[in-house]
Each structure stands twice: as C-alpha cells, then as structure tokens.
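Let me begin by presenting the structure, written as structure tokens, before commenting on it.
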Amino acid sequence: MPKPPDERDQGFMALALRLAERGLGSTWPNPAVGCVVVKAGRVVGRGWTQPGGRPHAETEALKRSGAAALGATAYVTLEPCAHYGRTPPCTMALIQAGVRRVVAATLCPDKRVDGQGVAQLRQAGVEVELGLMRAEAEALNAGFFLKERARRPLVTLKLATSLDGRIATRSGASQWLTGEQARARGHWLRATHDAIMIGSGTALADDPALTSRLPGLEGRSPVRVVLDRRLRLPPGSRLAATAPDVPTWVLTSAPVVPERAGPLRAQGLELIELTASDRDGLDLTAALAALAGRGITRLLVEGGARLATALLRARLVDRLAWFQAPLLIGSDGFAAIGELERARIAEAVRLARAHSETLADDTLHAYIVLSEGKPCSPASSPTSAGSSRSPRTRPAAAPDRTAGG
C-alpha cells in the first residue's frame with residue numbers, strides 16, 4: 001500500500017499551488033506552475049511561471065535558492081519539462097543544482113514531456129515522488145490539460161442576472177444589475193483568464209472594452225475575442241480603437257469580404273477565418289480549436305444569451321460563474337439562457353457547486369459542469385464536435401446579442 005502523505009510535504013505542495021495561481025491568465029500557452037525548494041524543513045526558494053510562460057517556475061525557484069538547492073527537495077505542481085525549447089529543460093536545471101528529491105503533483109500532458117521528465121530525473125539519481133495533491137494541481141491547470149488533450153481551452157461562462165435569471169428588463173436596460181463588488185470580481189475573472197469572448201451582437205449593443213480595470217491588474221487584460229461571422233464590428237468601436245494596446249481577435253467565416261476586413265486589419269485586429277460554419281453561425285467547436293491552436297488555455301465567455309445558450313447546447317462549457325443580484329425582473333425581461341432542448345430531467349445540464357460567496361448585496365455561485373457521460377478531464381469532459389446552431393429566438397432570449405452573427 002502507498003504510504004500516507006507527509007503533512008509537511010502537503011504543506012509545501014499547497015504553497016506551490018498558491019504560487020502557481022499567481023500565473024493564471026498570464027502564462028499561456030504554457031501552464032501556470034509553482035515550485036518550492038525546501039532544505040532541512042525550511043523554504044530556501046520559491047518560484048512560479050512568469051508572464052508569457054518563461055522563465056519556468058523551477059528556474060525561478062532555483063535562482064532564489066542559490067547554493068542552498070544542493071541536497072534539497074523541490075515541490076513542483078507539474079512534472080518538470082524534459083525538452084529544449086527557448087530555454088533548456090527544467091530537469092537539467094534541477095539536476096545541475098544538486099536537488100536530491102523532487103515531489104511532483106502530476107505528469108505533464110505535453111507529449112514532449114509526459115513521463116520523460118520523471119524518467120530523466122530518476123536516471124540522474126534524483127528521488128522522484130509523483131501524485132501528491134494531483135487533483136488540486138490538475139484542476140488548477142485544467143485549461144492546459146484540455147488544450148493538450150482535447151484541443152480546446154477551458155470555458156468559463158459568466159452570467160450576471162436577477163434572481164429570476166434575467167439579464168435585462170423588457171426595454172433592454174441592464175446597467176447595473178450587480179453592484180461594485182460583483183463587478184470588481186468580474187474584472188478579477190478577466191485577469192485570470194487568457195482570453196474573453198463575446199458575440200458580435202453584444203459587441204454592437206454594448207460597445208464594451210473587455211479589459212481588466214482592477215487597480216494593479218490593468219496590465220492583465222485578456223485577449224479579446226469576438227465571434228463575428230459577417231464582420232459587423234465597426235472600425236470605430238472601442239474594441240477596434242484599443243486593438244493596438246490589447247490583442248483583439250475576430251473569428252469570422254472564410255472567405256472574408258475585403259471591404260469589411262481591410263478597415264479592421266488596419267486598426268490592428270487579427271481576423272481568424274473559419275471554414276466550418278452553418279447558416280445560423282460559426283461552428284463553436286472549430287472556434288475553440290482555433291483558439292487552442294494559438295495557445296489559449298482559459299477562456300471566459302461574457303456575452304450574450306445566444307452565445308451562452310449555444311455553448312451549453314454544444315456541451316462546451318466547463319465552469320459557470322453566476323452572479324445574482326437581489327432583484328426580480330419578470331418573464332417579460334430578457335433571459336440569460338434560451339432553449340437547451342432537453343426533453344427529460346435526466347438530460348438537464350448537471351452542475352456541481354464549487355463555492356459561493358457574498359459580494360455586498362449580490363451573490364456569486366461558482367459551479368463545475370459535470371461530464372454528461374463523456375470521458376472525464378481535470379475540469380469537466382472533453383467534448384466531441386457539437387452543433388453551434390443558435391437557438392430559436394424567443395421574446396425573452398435577448399435577440400440583440402447573438403452567438404456569432
């Protein structure tokens with residue numbers, strides 16, 4: 001039988017996981033990793049993956065450890081890399097520093113690593129223990145695991161509604177449903193995701209900036225993604241005007257109309273042409289694959305109701321962040337979610353509550369979307385190709401916010 005985990009080992013790995021969290025949203029296309037170097041029961045070095053994915057956590061921790069790394073134990077939230085990229089492998093850095101023992105939470109799903117890092121360390125005489133706090137480590141980097149295994153990012157759907165699930169009144173008024181604390185929490189979500197996505201209807205109706213505006217995190221704004229099948233985004237929009245400062249990608253149908261594409265490209269927007277589409281909109285599976293192909297691991301979806309419904313129907317949502325305000329709008333308001341076409345309760349989207357928190361008068365409920373019978377992953381289920389058809393329009397389905405129109 002495997003020996004029970006040492007409490008000290010768990011404490012140091014928990015610290016490494018907290019360090020890894022600092023990189024969420026800024027390390028893509030690489031995972032957010034934490035590393036703690038310990039000698040004689042004392043932390044002598046700490047590190048986490050830096051913006052852009054380099055330097056790696058192990059390199060940072062060893063730099064801070066210096067000569068104290070000799071004979072020490074390194075706690076790492078992901079198997080150290082074993083291949084040459086822009087920098088030498090972390091396995092080599094650990095071996096050269098004289099680390100005696102490495103405790104890794106889980107194997108790395110990158111095919112260039114995936115067990116080879118552990119093998120290299122053991123061949124060099126380094127003691128390796130694998131699996132401590134594996135579930136926590138894989139949940140933290142669920143987006144990276146999905147990118148490597150399912151060729152799509154982790155999708156977090158953010159909703160802000162009244163208690164009866166409405167995003168706007170019958171006239172379309174929606175500002176502000178939630179208060180300042182909830183909105184600040186939403187900006188924090190942006191800062192911890194690689195990209196944020198909306199449909200063209202939301203872009204046209206709201207003219208949003210989609211940046212992180214928390215003090216100190218202004219530089220952590222995610223890549224902004226607009227699903228815009230017909231290239232309706234105006235060159236004078238806030239997204240286009242700020243594209244030179246914050247990367248902005250437009251997913252659209254191929255081939256593009258030069259008269260519409262030219263002004264947007266001149267503003268600095270990147271147009272990503274998708275050949276997979278149908279008469280109702282872009283193929284969402286193809287859209288997510290395109291984002292993963294560019295390194296995106298964590299995607300936050302903020303709007304609108306048509307896009308949220310289409311993603312849920314296609315089983316492409318992994319996590320749900322639902323902000324609720326203590327308001328009742330009524331059935332004549334616009335619903336956050338349209339028809340999911342589930343005939344039986346057994347077919348309903350099943351959620352597991354991760355946590356809840358009170359934000360002044362508002363409440364945030366965070367959920368994990370259960371696998372619905374598909375093979376499991378660290379966060380939810382990798383999905384096969386699903387329909388991206390927009391749902392049939394209903395009076396309360398926010399027709400001005402489309403899923404890629």
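Going by the structure tokens order, chains are called A, B, ..., each with residues numbered from 1, while ligands are numbered from 1 in the order shown.
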
### Test item: residues at most 12 Å from Arg64 in chain A, only C-alpha atoms, excluding those fewer than 4 positions along its chain, as a PyMOL selection string
chain A and resi 35-38+43-48+57-60+68-69+97

Kindly save the residues from that selection, with N, CA and C atoms included, as a PDB file, in the first residue's frame.
ATOM      1  N   CYS A  35       6.699  26.276  -7.740  1.00  0.00           N
ATOM      2  CA  CYS A  35       7.792  25.439  -7.260  1.00  0.00           C
ATOM      3  C   CYS A  35       8.314  26.000  -5.939  1.00  0.00           C
ATOM      4  N   VAL A  36       8.534  25.100  -4.975  1.00  0.00           N
ATOM      5  CA  VAL A  36       9.088  25.476  -3.672  1.00  0.00           C
ATOM      6  C   VAL A  36      10.280  24.575  -3.400  1.00  0.00           C
ATOM      7  N   VAL A  37      11.411  25.154  -3.095  1.00  0.00           N
ATOM      8  CA  VAL A  37      12.622  24.399  -2.766  1.00  0.00           C
ATOM      9  C   VAL A  37      12.815  24.450  -1.252  1.00  0.00           C
ATOM     10  N   VAL A  38      12.946  23.268  -0.641  1.00  0.00           N
ATOM     11  CA  VAL A  38      12.983  23.149   0.822  1.00  0.00           C
ATOM     12  C   VAL A  38      14.235  22.377   1.242  1.00  0.00           C
ATOM     13  N   VAL A  43      11.990  26.695   3.750  1.00  0.00           N
ATOM     14  CA  VAL A  43      11.888  27.133   2.355  1.00  0.00           C
ATOM     15  C   VAL A  43      13.090  27.998   2.016  1.00  0.00           C
ATOM     16  N   VAL A  44      13.847  27.590   0.996  1.00  0.00           N
ATOM     17  CA  VAL A  44      15.020  28.361   0.586  1.00  0.00           C
ATOM     18  C   VAL A  44      14.831  29.001  -0.790  1.00  0.00           C
ATOM     19  N   GLY A  45      13.740  28.650  -1.470  1.00  0.00           N
ATOM     20  CA  GLY A  45      13.493  29.254  -2.777  1.00  0.00           C
ATOM     21  C   GLY A  45      12.059  29.018  -3.224  1.00  0.00           C
ATOM     22  N   ARG A  46      11.472  30.013  -3.838  1.00  0.00           N
ATOM     23  CA  ARG A  46      10.116  29.904  -4.348  1.00  0.00           C
ATOM     24  C   ARG A  46      10.073  30.486  -5.759  1.00  0.00           C
ATOM     25  N   GLY A  47       9.199  29.931  -6.602  1.00  0.00           N
ATOM     26  CA  GLY A  47       9.074  30.472  -7.945  1.00  0.00           C
ATOM     27  C   GLY A  47       7.758  30.067  -8.578  1.00  0.00           C
ATOM     28  N   TRP A  48       7.349  30.816  -9.562  1.00  0.00           N
ATOM     29  CA  TRP A  48       6.155  30.500 -10.334  1.00  0.00           C
ATOM     30  C   TRP A  48       6.375  30.943 -11.773  1.00  0.00           C
ATOM     31  N   ALA A  57       8.787  27.952 -13.468  1.00  0.00           N
ATOM     32  CA  ALA A  57       8.759  28.033 -12.009  1.00  0.00           C
ATOM     33  C   ALA A  57      10.027  27.462 -11.378  1.00  0.00           C
ATOM     34  N   GLU A  58      10.500  26.312 -11.896  1.00  0.00           N
ATOM     35  CA  GLU A  58      11.682  25.681 -11.314  1.00  0.00           C
ATOM     36  C   GLU A  58      12.910  26.583 -11.437  1.00  0.00           C
ATOM     37  N   THR A  59      13.053  27.203 -12.603  1.00  0.00           N
ATOM     38  CA  THR A  59      14.188  28.098 -12.819  1.00  0.00           C
ATOM     39  C   THR A  59      14.163  29.261 -11.840  1.00  0.00           C
ATOM     40  N   GLU A  60      12.972  29.829 -11.645  1.00  0.00           N
ATOM     41  CA  GLU A  60      12.830  30.955 -10.716  1.00  0.00           C
ATOM     42  C   GLU A  60      13.157  30.530  -9.284  1.00  0.00           C
ATOM     43  N   ALA A  68      21.905  26.785  -1.777  1.00  0.00           N
ATOM     44  CA  ALA A  68      21.094  26.026  -0.818  1.00  0.00           C
ATOM     45  C   ALA A  68      20.293  24.919  -1.485  1.00  0.00           C
ATOM     46  N   ALA A  69      20.187  24.928  -2.813  1.00  0.00           N
ATOM     47  CA  ALA A  69      19.441  23.879  -3.521  1.00  0.00           C
ATOM     48  C   ALA A  69      20.144  22.527  -3.456  1.00  0.00           C
ATOM     49  N   ALA A  97      21.611  21.692 -10.211  1.00  0.00           N
ATOM     50  CA  ALA A  97      21.586  22.384  -8.917  1.00  0.00           C
ATOM     51  C   ALA A  97      21.831  21.430  -7.759  1.00  0.00           C
TER      52      ALA A  97
END

inquiry  = I'd like the contact shell of Pro89 in chain A - 12 Å cut-off, only C-alpha atoms, skipping same-chain residues fewer than 6 positions apart - returned as a PyMOL selection string.
reply    = chain A and resi 54-59+79-83+95-96+112-113+116-117+120-121

**Study point:** Selected residue of minimal separation from Gln267 in chain A among A:Leu233, A:Leu94, A:Ala292, A:Val76, counting only C-alpha atoms
**Key:**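 So, comparing all the options, the nearest one is A:Leu233.
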
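Comparing the minimum interatomic distances between Ile296 in chain A and each of A:Asp245, A:Glu7, A:Asp194, A:Glu180, counting only C-alpha atoms, we find that A:Asp194 sits nearest.
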
Could you tell me, as a ChimeraX atom specification, which residues of range 194-314 of chain A DSSP assigns to strand (DSSP E or B) when given the backbone? /A:195-199,223-227,248-253,270-274,277-278,281-282,298-303

Would you mind telling me which residue in A:Leu107, A:Leu210, A:Gly236, A:Leu19 lies nearest to Leu132 in chain A when using only C-alpha atoms?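 Once distances to Leu132 in chain A are computed over only C-alpha atoms, the minimum belongs to A:Leu107.
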
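Minimum atom-to-atom distance to Glu138 in chain A, evaluated using only C-alpha atoms, belongs to A:Ala20 out of A:Val118, A:Ala20, A:Thr178, A:Pro222.
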
Which of these, A:Arg294, A:Lys158, A:Val246, A:Val102, has the shortest distance to Tyr367 in chain A once you count only C-alpha atoms?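 Among A:Arg294, A:Lys158, A:Val246, A:Val102, it is A:Lys158 that comes nearest to Tyr367 in chain A.
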
Margin query: Please list as number ranges by chain every residue within 10 Å of range 22-27 of chain A, counting only C-alpha atoms and excluding residues in the same chain fewer than 5 positions away.
Written below: A: 17, 32-34, 48-57, 140-141, 143, 189-195, 219-223, 295-299

Residue selection dump (N, CA, C and O atoms) as a compact mmCIF listing (two decimals), in the first residue's frame:
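Wrote it out as result_15.txt, contents follow:
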# COMPACT_ATOMS: atom_id res chain seq x y z
N LEU A 17 1.11 25.34 -4.98
CA LEU A 17 -0.13 25.55 -5.72
C LEU A 17 -0.59 27.00 -5.61
O LEU A 17 -1.07 27.58 -6.59
N ALA A 32 0.43 27.27 -15.70
CA ALA A 32 0.84 28.06 -14.54
C ALA A 32 1.35 27.09 -13.47
O ALA A 32 0.58 26.31 -12.92
N VAL A 33 2.64 27.13 -13.21
CA VAL A 33 3.28 26.16 -12.33
C VAL A 33 3.90 26.88 -11.14
O VAL A 33 4.40 28.00 -11.26
N GLY A 34 3.89 26.22 -9.99
CA GLY A 34 4.57 26.73 -8.81
C GLY A 34 5.63 25.76 -8.35
O GLY A 34 5.51 24.55 -8.54
N TRP A 48 7.35 30.82 -9.56
CA TRP A 48 6.16 30.50 -10.33
C TRP A 48 6.38 30.94 -11.77
O TRP A 48 7.24 31.78 -12.06
N THR A 49 5.64 30.36 -12.69
CA THR A 49 5.81 30.67 -14.11
C THR A 49 5.57 32.14 -14.36
O THR A 49 4.57 32.71 -13.91
N GLN A 50 6.46 32.76 -15.10
CA GLN A 50 6.39 34.19 -15.35
C GLN A 50 5.54 34.51 -16.59
O GLN A 50 5.23 33.63 -17.39
N PRO A 51 5.11 35.76 -16.75
CA PRO A 51 4.25 36.13 -17.89
C PRO A 51 4.84 35.69 -19.22
O PRO A 51 6.04 35.83 -19.47
N GLY A 52 3.97 35.15 -20.06
CA GLY A 52 4.40 34.63 -21.34
C GLY A 52 4.92 33.21 -21.28
O GLY A 52 5.29 32.64 -22.29
N GLY A 53 4.97 32.63 -20.06
CA GLY A 53 5.39 31.25 -19.91
C GLY A 53 6.86 31.03 -19.64
O GLY A 53 7.30 29.90 -19.45
N ARG A 54 7.66 32.09 -19.60
CA ARG A 54 9.09 31.99 -19.32
C ARG A 54 9.49 33.14 -18.40
O ARG A 54 8.97 34.24 -18.56
N PRO A 55 10.44 32.91 -17.49
CA PRO A 55 11.05 31.64 -17.11
C PRO A 55 10.07 30.72 -16.40
O PRO A 55 9.06 31.16 -15.88
N HIS A 56 10.42 29.43 -16.35
CA HIS A 56 9.59 28.45 -15.68
C HIS A 56 9.73 28.57 -14.16
O HIS A 56 10.68 29.17 -13.64
N ALA A 57 8.79 27.95 -13.47
CA ALA A 57 8.76 28.03 -12.01
C ALA A 57 10.03 27.46 -11.38
O ALA A 57 10.58 28.03 -10.43
N LEU A 140 -6.23 23.11 -11.18
CA LEU A 140 -5.63 24.43 -11.38
C LEU A 140 -5.27 24.65 -12.85
O LEU A 140 -5.50 25.72 -13.41
N ASN A 141 -4.69 23.64 -13.47
CA ASN A 141 -4.26 23.75 -14.86
C ASN A 141 -5.19 22.99 -15.81
O ASN A 141 -4.76 22.47 -16.83
N GLY A 143 -7.25 24.05 -17.92
CA GLY A 143 -7.23 24.59 -19.27
C GLY A 143 -6.06 24.07 -20.09
O GLY A 143 -6.22 23.75 -21.28
N LEU A 189 -11.92 37.94 -12.65
CA LEU A 189 -12.06 36.78 -13.53
C LEU A 189 -11.38 37.05 -14.87
O LEU A 189 -10.72 36.17 -15.42
N ARG A 190 -11.55 38.24 -15.40
CA ARG A 190 -10.89 38.58 -16.66
C ARG A 190 -9.38 38.45 -16.53
O ARG A 190 -8.71 37.92 -17.42
N ALA A 191 -8.85 38.95 -15.42
CA ALA A 191 -7.40 38.95 -15.24
C ALA A 191 -6.82 37.55 -15.10
O ALA A 191 -5.62 37.35 -15.34
N THR A 192 -7.64 36.57 -14.72
CA THR A 192 -7.14 35.21 -14.52
C THR A 192 -7.48 34.28 -15.69
O THR A 192 -7.32 33.06 -15.56
N HIS A 193 -7.96 34.83 -16.78
CA HIS A 193 -8.22 34.04 -17.99
C HIS A 193 -7.35 34.57 -19.13
O HIS A 193 -7.01 35.76 -19.16
N ASP A 194 -7.01 33.69 -20.05
CA ASP A 194 -6.16 34.07 -21.17
C ASP A 194 -6.91 34.94 -22.17
O ASP A 194 -6.32 35.81 -22.82
N ALA A 195 -8.19 34.65 -22.36
CA ALA A 195 -8.98 35.35 -23.37
C ALA A 195 -10.41 35.49 -22.88
O ALA A 195 -10.88 34.74 -22.02
N GLY A 219 -2.62 45.68 -16.46
CA GLY A 219 -1.80 45.02 -17.47
C GLY A 219 -2.14 43.56 -17.67
O GLY A 219 -1.47 42.88 -18.46
N ARG A 220 -3.16 43.05 -16.98
CA ARG A 220 -3.53 41.64 -17.08
C ARG A 220 -4.80 41.45 -17.91
O ARG A 220 -5.50 40.45 -17.76
N SER A 221 -5.10 42.39 -18.79
CA SER A 221 -6.29 42.24 -19.63
C SER A 221 -6.11 41.05 -20.57
O SER A 221 -5.04 40.88 -21.17
N PRO A 222 -7.15 40.23 -20.73
CA PRO A 222 -7.03 39.06 -21.60
C PRO A 222 -7.13 39.44 -23.07
O PRO A 222 -7.54 40.55 -23.43
N VAL A 223 -6.75 38.50 -23.93
CA VAL A 223 -7.01 38.66 -25.37
C VAL A 223 -8.53 38.75 -25.55
O VAL A 223 -9.29 37.99 -24.95
N GLY A 295 -2.73 28.87 -28.56
CA GLY A 295 -2.18 28.80 -27.21
C GLY A 295 -3.12 29.14 -26.09
O GLY A 295 -2.73 29.08 -24.92
N ILE A 296 -4.38 29.49 -26.38
CA ILE A 296 -5.31 29.87 -25.33
C ILE A 296 -5.70 28.63 -24.52
O ILE A 296 -6.13 27.62 -25.08
N THR A 297 -5.57 28.72 -23.20
CA THR A 297 -5.92 27.60 -22.32
C THR A 297 -7.16 27.88 -21.48
O THR A 297 -7.85 26.94 -21.08
N ARG A 298 -7.44 29.14 -21.18
CA ARG A 298 -8.56 29.51 -20.31
C ARG A 298 -9.36 30.62 -20.99
O ARG A 298 -8.83 31.70 -21.25
N LEU A 299 -10.63 30.34 -21.27
CA LEU A 299 -11.49 31.28 -21.99
C LEU A 299 -12.68 31.66 -21.12
O LEU A 299 -13.42 30.79 -20.64

- Using only C-alpha atoms, which residues sit within 8 Å of His187 in chain A once same-chain residues fewer than 3 positions away are excluded, as a ChimeraX atom specification? /A:183-184,190-191,211-214
